[in-house]
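Structure first, commentary second.
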Amino acid sequence: MKFRYLGKSGLLVSELTLGTMTFGAAGWGCDAKEAHAIIAAYLEAGGNMIDTADVYAKGETESIIGAYMPSMKRDEIILASKCNFPFGVSPNGVGSSRKHIVCSVEASLRRLKTDYLDIYYLHRPDPSVPAEEIMETLDILVRQGKILYPACSNLPAWRIMLDNAAAKSRGTSGFACGQYMYNLVDRNCEQEIIPAMVHQGIGFLCWSPLAGGMLTGKYDVAADVPKGSRFDFRKNLDIPRFWTEQGRRVAKGFIDAAKEAGVPPAKLAIAWLLSKEYVSSVILGAKTVQQLSGSLEASGFELADDLRAKLDALSEPAKNYLWSFNEETNDQFRARGKLFPGAIIC
């Protein structure tokens with residue numbers, strides 16, 4: 001397993017992170033026994049970062065990880081969780097208010113059977129709470145030693161900048177990292193999210209690297225969604241995200257390219273992400289040890305320049321006016337001289 005720095009935090013993380021949304025997920029995930037076997041296999045492969053969230057399986061995912069905590073060397077792993085989505089029926093059991101964040105951290109610590117979380121994410125934006133209150137709350141938790149690094153997920157670029165500015169006004173460093181959906185099917189993060197995070201020195205993690213399984217080759221993307229599949233079970237989420245005309249076109253071209261290159265599709269899809277210098281880590285989900293083992297093979301795999309260029313071209317997203325205009329502008333300034341690292345445009 002190779003390691004990368006998490007933005008400018010100085011924290012070294014394995015380039016493959018274990019995602020745990022499948023743990024305890026009824027209907028499409030795995031039970032505690034298999035989950036513990038997956039954790040063991042991941043750690044044995046040299047991985048050091050485990051990602052979860054309070055809402056995964058309504059808290060059961062964190063409890064499953066907590067049950068395995070005595071078998072792990074706590075100081076050697078990086079444990080991350082999240083809050084914001086509704087949890088319970090309380091009117092204050094949602095969002096990024098100080099009360100909800102603090103209560104969520106305490107509950108996650110109990111379920112995970114640990115004294116602190118290495119990384120703590122705002123799972124989504126909350127327009128009802130001022131940035132100053134949110135970042136002050138995270139700073140208080142850092143000072144208490146309950147979390148080490150504040151982080152974000154699913155925030156728009158302008159909100160990342162706003163929240164970071166609020167943190168810096170308090171003399172704190174702001175977000176250490178952020179995680180977003182990013183894969184060959186959906187590259188929209190390249191428009192504003194990734195440039196903003198690179199400029200701020202925020203580590204970038206990718207979730208759903210296989211586009212819900214479309215990039216594994218197990219689906220006939222020319223046909224309808226298979227009955228009983230993950231896409232069928234999560235049709236309200238995954239079909240609009242991935243099983244679109246564009247998604248199916250990219251997936252088909254990608255699978256053909258993987259066959260031609262003689263590389264397993266899942267390995268190639270993850271390797272494409274790892275070829276991007278702004279990617280700190282790729283989050284892997286698995287419901288069996290066998291699934292995880294196949295994905296772990298991507299660590300250290302060197303993607304040839306011609307193959308990467310081919311994948312870039314076949315997955316090129318449709319770009320709106322502002323995206324195209326700014327890329328042309330950036331190219332003009334690049335031609336004048338080398339830009340400073342924080343000005344990297346993806």
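FYI, nothing fancy with the structure tokens labels: chains A, B, ... in order, residues from 1 per chain, ligands from 1 as they appear.
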### Query
Hey, what does DSSP flag as alpha helix (DSSP H) within stretch 1-213 of chain A? Can you give it to me as a PyMOL selection string?
chain A and resi 32-44+60-68+98-112+131-143+157-169+193-200
Hey, can you spit out that residue selection with C-alpha atoms as a PDB file, in the first residue's frame?
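Okay, again.pdb is ready:
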ATOM      1  CA  ALA A  32     -20.908  -7.975  11.116  1.00  0.00           C
ATOM      2  CA  LYS A  33     -18.895 -11.159  10.583  1.00  0.00           C
ATOM      3  CA  GLU A  34     -18.107 -10.330   6.970  1.00  0.00           C
ATOM      4  CA  ALA A  35     -17.514  -6.673   7.858  1.00  0.00           C
ATOM      5  CA  HIS A  36     -14.890  -7.655  10.429  1.00  0.00           C
ATOM      6  CA  ALA A  37     -13.213  -9.920   7.870  1.00  0.00           C
ATOM      7  CA  ILE A  38     -13.145  -6.996   5.418  1.00  0.00           C
ATOM      8  CA  ILE A  39     -11.538  -4.705   8.018  1.00  0.00           C
ATOM      9  CA  ALA A  40      -8.930  -7.360   8.820  1.00  0.00           C
ATOM     10  CA  ALA A  41      -8.097  -7.859   5.128  1.00  0.00           C
ATOM     11  CA  TYR A  42      -7.813  -4.118   4.558  1.00  0.00           C
ATOM     12  CA  LEU A  43      -5.470  -3.584   7.506  1.00  0.00           C
ATOM     13  CA  GLU A  44      -3.414  -6.627   6.513  1.00  0.00           C
ATOM     14  CA  GLU A  60     -25.307   0.057  13.066  1.00  0.00           C
ATOM     15  CA  THR A  61     -22.240   0.536  10.839  1.00  0.00           C
ATOM     16  CA  GLU A  62     -20.410   2.453  13.560  1.00  0.00           C
ATOM     17  CA  SER A  63     -21.416  -0.182  16.130  1.00  0.00           C
ATOM     18  CA  ILE A  64     -20.004  -2.944  13.922  1.00  0.00           C
ATOM     19  CA  ILE A  65     -16.698  -1.090  13.641  1.00  0.00           C
ATOM     20  CA  GLY A  66     -16.735  -0.416  17.383  1.00  0.00           C
ATOM     21  CA  ALA A  67     -17.141  -4.115  18.100  1.00  0.00           C
ATOM     22  CA  TYR A  68     -13.919  -4.732  16.168  1.00  0.00           C
ATOM     23  CA  ARG A  98     -23.699  23.321  17.576  1.00  0.00           C
ATOM     24  CA  LYS A  99     -26.078  21.075  19.504  1.00  0.00           C
ATOM     25  CA  HIS A 100     -26.430  18.528  16.732  1.00  0.00           C
ATOM     26  CA  ILE A 101     -22.706  18.402  15.913  1.00  0.00           C
ATOM     27  CA  VAL A 102     -21.714  17.940  19.569  1.00  0.00           C
ATOM     28  CA  CYS A 103     -24.402  15.320  20.232  1.00  0.00           C
ATOM     29  CA  SER A 104     -23.465  13.506  17.018  1.00  0.00           C
ATOM     30  CA  VAL A 105     -19.763  13.371  17.910  1.00  0.00           C
ATOM     31  CA  GLU A 106     -20.516  12.017  21.388  1.00  0.00           C
ATOM     32  CA  ALA A 107     -22.858   9.357  19.971  1.00  0.00           C
ATOM     33  CA  SER A 108     -20.355   8.286  17.307  1.00  0.00           C
ATOM     34  CA  LEU A 109     -17.594   7.972  19.904  1.00  0.00           C
ATOM     35  CA  ARG A 110     -19.809   5.689  22.011  1.00  0.00           C
ATOM     36  CA  ARG A 111     -20.753   3.469  19.079  1.00  0.00           C
ATOM     37  CA  LEU A 112     -17.183   3.306  17.764  1.00  0.00           C
ATOM     38  CA  ALA A 131     -20.306  29.487   8.938  1.00  0.00           C
ATOM     39  CA  GLU A 132     -18.771  31.110  12.034  1.00  0.00           C
ATOM     40  CA  GLU A 133     -20.835  28.957  14.400  1.00  0.00           C
ATOM     41  CA  ILE A 134     -20.088  25.747  12.535  1.00  0.00           C
ATOM     42  CA  MET A 135     -16.343  26.292  12.397  1.00  0.00           C
ATOM     43  CA  GLU A 136     -16.212  27.499  15.999  1.00  0.00           C
ATOM     44  CA  THR A 137     -17.976  24.305  17.084  1.00  0.00           C
ATOM     45  CA  LEU A 138     -15.484  22.148  15.195  1.00  0.00           C
ATOM     46  CA  ASP A 139     -12.629  24.149  16.731  1.00  0.00           C
ATOM     47  CA  ILE A 140     -14.020  23.559  20.232  1.00  0.00           C
ATOM     48  CA  LEU A 141     -14.125  19.811  19.546  1.00  0.00           C
ATOM     49  CA  VAL A 142     -10.529  19.906  18.295  1.00  0.00           C
ATOM     50  CA  ARG A 143      -9.427  21.704  21.462  1.00  0.00           C
ATOM     51  CA  ALA A 157     -17.046  25.299  -3.709  1.00  0.00           C
ATOM     52  CA  TRP A 158     -18.272  28.690  -2.472  1.00  0.00           C
ATOM     53  CA  ARG A 159     -19.271  27.140   0.867  1.00  0.00           C
ATOM     54  CA  ILE A 160     -15.873  25.492   1.258  1.00  0.00           C
ATOM     55  CA  MET A 161     -14.255  28.897   0.828  1.00  0.00           C
ATOM     56  CA  LEU A 162     -16.754  30.608   3.154  1.00  0.00           C
ATOM     57  CA  ASP A 163     -16.301  28.058   5.938  1.00  0.00           C
ATOM     58  CA  ASN A 164     -12.523  28.072   5.587  1.00  0.00           C
ATOM     59  CA  ALA A 165     -12.474  31.852   5.778  1.00  0.00           C
ATOM     60  CA  ALA A 166     -14.544  31.683   8.980  1.00  0.00           C
ATOM     61  CA  ALA A 167     -12.032  29.217  10.448  1.00  0.00           C
ATOM     62  CA  LYS A 168      -9.039  31.335   9.500  1.00  0.00           C
ATOM     63  CA  SER A 169     -10.636  34.391  11.102  1.00  0.00           C
ATOM     64  CA  ILE A 193     -14.685  21.772  -6.230  1.00  0.00           C
ATOM     65  CA  ILE A 194     -11.221  20.395  -6.970  1.00  0.00           C
ATOM     66  CA  PRO A 195      -9.636  23.740  -7.943  1.00  0.00           C
ATOM     67  CA  ALA A 196     -10.986  25.328  -4.738  1.00  0.00           C
ATOM     68  CA  MET A 197      -9.650  22.486  -2.585  1.00  0.00           C
ATOM     69  CA  VAL A 198      -6.250  22.485  -4.291  1.00  0.00           C
ATOM     70  CA  HIS A 199      -5.976  26.242  -3.794  1.00  0.00           C
ATOM     71  CA  GLN A 200      -6.808  25.882  -0.084  1.00  0.00           C
TER      72      GLN A 200
END
### Message
So that I can check the surroundings of stretch 204-207 of chain A, please list as a list in words every protein, DNA and RNA residue that reaches within 6 Å of it, counting only C-alpha atoms and ignoring chain neighbours fewer than 3 positions away.
### Response
Cys177, Gly178, Gln179, Tyr180, Met181, Tyr182, Val279, Ser280, Ser281, Val282 and Ile283 of chain A
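Those residues that approach A:Asp54 to within 7 Å, counting only C-alpha atoms, are Tyr56, Lys58, Gly59, Glu62, Ser81, Lys82, Cys83 and Ser108 of chain A; same-chain residues fewer than 2 positions away are not listed.
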I need the residues from that last selection saved to file as a CSV table (one decimal), in the first residue's frame (with C-alpha atoms), if you can.
chain,number,residue,atom,x,y,z
A,56,TYR,CA,-24.9,4.4,7.8
A,58,LYS,CA,-28.8,4.1,11.2
A,59,GLY,CA,-25.8,3.8,13.4
A,62,GLU,CA,-20.4,2.5,13.6
A,81,SER,CA,-17.1,9.8,10.6
A,82,LYS,CA,-19.7,12.4,9.6
A,83,CYS,CA,-22.8,14.2,10.7
A,108,SER,CA,-20.4,8.3,17.3
#### Entry: Spatial neighbours of A:Ile78, 10 Å, only C-alpha atoms, chain gap at least 3 places, as a PyMOL selection string
chain A and resi 11-14+17+47-51+74-75+117-119
List as a PDB file with N, CA and C atoms, in the first residue's frame the protein and nucleic acid residues near stretch 262-276 of chain A, meaning an atom at most 7 Å away when only C-alpha atoms are counted, but skip any in the same chain fewer than 3 places from it.
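Saved the output as around-v6.pdb:
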ATOM      1  N   PRO A 209     -15.992   5.355  -6.484  1.00  0.00           N
ATOM      2  CA  PRO A 209     -15.035   5.341  -7.598  1.00  0.00           C
ATOM      3  C   PRO A 209     -15.443   4.426  -8.744  1.00  0.00           C
ATOM      4  N   LEU A 210     -16.343   3.469  -8.467  1.00  0.00           N
ATOM      5  CA  LEU A 210     -16.773   2.521  -9.502  1.00  0.00           C
ATOM      6  C   LEU A 210     -18.173   2.837 -10.020  1.00  0.00           C
ATOM      7  N   LEU A 215     -18.639   0.483 -13.402  1.00  0.00           N
ATOM      8  CA  LEU A 215     -17.288   0.404 -13.956  1.00  0.00           C
ATOM      9  C   LEU A 215     -16.578  -0.901 -13.583  1.00  0.00           C
ATOM     10  N   THR A 216     -17.330  -1.871 -13.093  1.00  0.00           N
ATOM     11  CA  THR A 216     -16.738  -3.159 -12.738  1.00  0.00           C
ATOM     12  C   THR A 216     -16.876  -4.189 -13.854  1.00  0.00           C
ATOM     13  N   GLY A 217     -17.782  -3.932 -14.790  1.00  0.00           N
ATOM     14  CA  GLY A 217     -18.025  -4.880 -15.869  1.00  0.00           C
ATOM     15  C   GLY A 217     -19.062  -5.930 -15.555  1.00  0.00           C
ATOM     16  N   ILE A 255     -15.289  -0.158 -20.298  1.00  0.00           N
ATOM     17  CA  ILE A 255     -15.155  -1.623 -20.217  1.00  0.00           C
ATOM     18  C   ILE A 255     -14.429  -2.155 -21.442  1.00  0.00           C
ATOM     19  N   ALA A 258     -10.767  -1.376 -20.992  1.00  0.00           N
ATOM     20  CA  ALA A 258     -10.142  -2.243 -19.989  1.00  0.00           C
ATOM     21  C   ALA A 258      -9.834  -3.619 -20.582  1.00  0.00           C
ATOM     22  N   LYS A 259     -10.776  -4.143 -21.364  1.00  0.00           N
ATOM     23  CA  LYS A 259     -10.554  -5.447 -22.004  1.00  0.00           C
ATOM     24  C   LYS A 259      -9.381  -5.375 -22.973  1.00  0.00           C
ATOM     25  N   VAL A 279      -5.619  13.851  -5.917  1.00  0.00           N
ATOM     26  CA  VAL A 279      -6.357  12.842  -5.158  1.00  0.00           C
ATOM     27  C   VAL A 279      -5.501  12.346  -3.994  1.00  0.00           C
ATOM     28  N   GLY A 294      -9.971  -7.388  -4.947  1.00  0.00           N
ATOM     29  CA  GLY A 294      -9.831  -6.958  -6.332  1.00  0.00           C
ATOM     30  C   GLY A 294      -9.529  -5.472  -6.439  1.00  0.00           C
ATOM     31  N   SER A 295     -10.181  -4.669  -5.607  1.00  0.00           N
ATOM     32  CA  SER A 295      -9.968  -3.220  -5.636  1.00  0.00           C
ATOM     33  C   SER A 295      -8.606  -2.836  -5.085  1.00  0.00           C
ATOM     34  N   GLU A 297      -5.881  -4.152  -5.505  1.00  0.00           N
ATOM     35  CA  GLU A 297      -4.820  -4.354  -6.489  1.00  0.00           C
ATOM     36  C   GLU A 297      -4.448  -3.063  -7.219  1.00  0.00           C
ATOM     37  N   ALA A 298      -5.304  -2.036  -7.105  1.00  0.00           N
ATOM     38  CA  ALA A 298      -5.037  -0.778  -7.806  1.00  0.00           C
ATOM     39  C   ALA A 298      -3.904   0.011  -7.165  1.00  0.00           C
ATOM     40  N   PHE A 301      -0.405   0.545  -8.910  1.00  0.00           N
ATOM     41  CA  PHE A 301      -0.480   0.244 -10.342  1.00  0.00           C
ATOM     42  C   PHE A 301      -0.211   1.522 -11.143  1.00  0.00           C
ATOM     43  N   LEU A 303      -0.413   3.711 -14.281  1.00  0.00           N
ATOM     44  CA  LEU A 303      -1.242   3.843 -15.475  1.00  0.00           C
ATOM     45  C   LEU A 303      -0.427   4.468 -16.597  1.00  0.00           C
ATOM     46  N   ARG A 308      -4.180   6.507 -19.944  1.00  0.00           N
ATOM     47  CA  ARG A 308      -4.827   7.557 -19.165  1.00  0.00           C
ATOM     48  C   ARG A 308      -5.456   8.603 -20.088  1.00  0.00           C
TER      49      ARG A 308
END
#### Entry: Who sits within 8 Å of A:Gln246, only C-alpha atoms, same chain under 3 positions skipped, as a list in words
Val185, Arg249 and Val250 of chain A
### Query
How many Å separate atom CA of A:Thr288 from atom CA of A:Gly29?
8.8 Å
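Among the candidate residues A:Met21, A:Ala222, A:Met1, A:Val289, the one lying nearest to A:Thr52 is A:Met21, with distances computed using only C-alpha atoms.
For the pair atom CA of A:Leu311 and atom CA of A:Glu15, the separation is 20.3 Å.
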### Message
Please list as a VMD selection string every residue within 10 Å of A:Asp186, counting only C-alpha atoms and excluding residues in the same chain fewer than 2 positions away.
### Response
chain A and resid 181 to 184 188 to 190 208 to 209 211 241 to 242 246 to 247 250 315 to 317
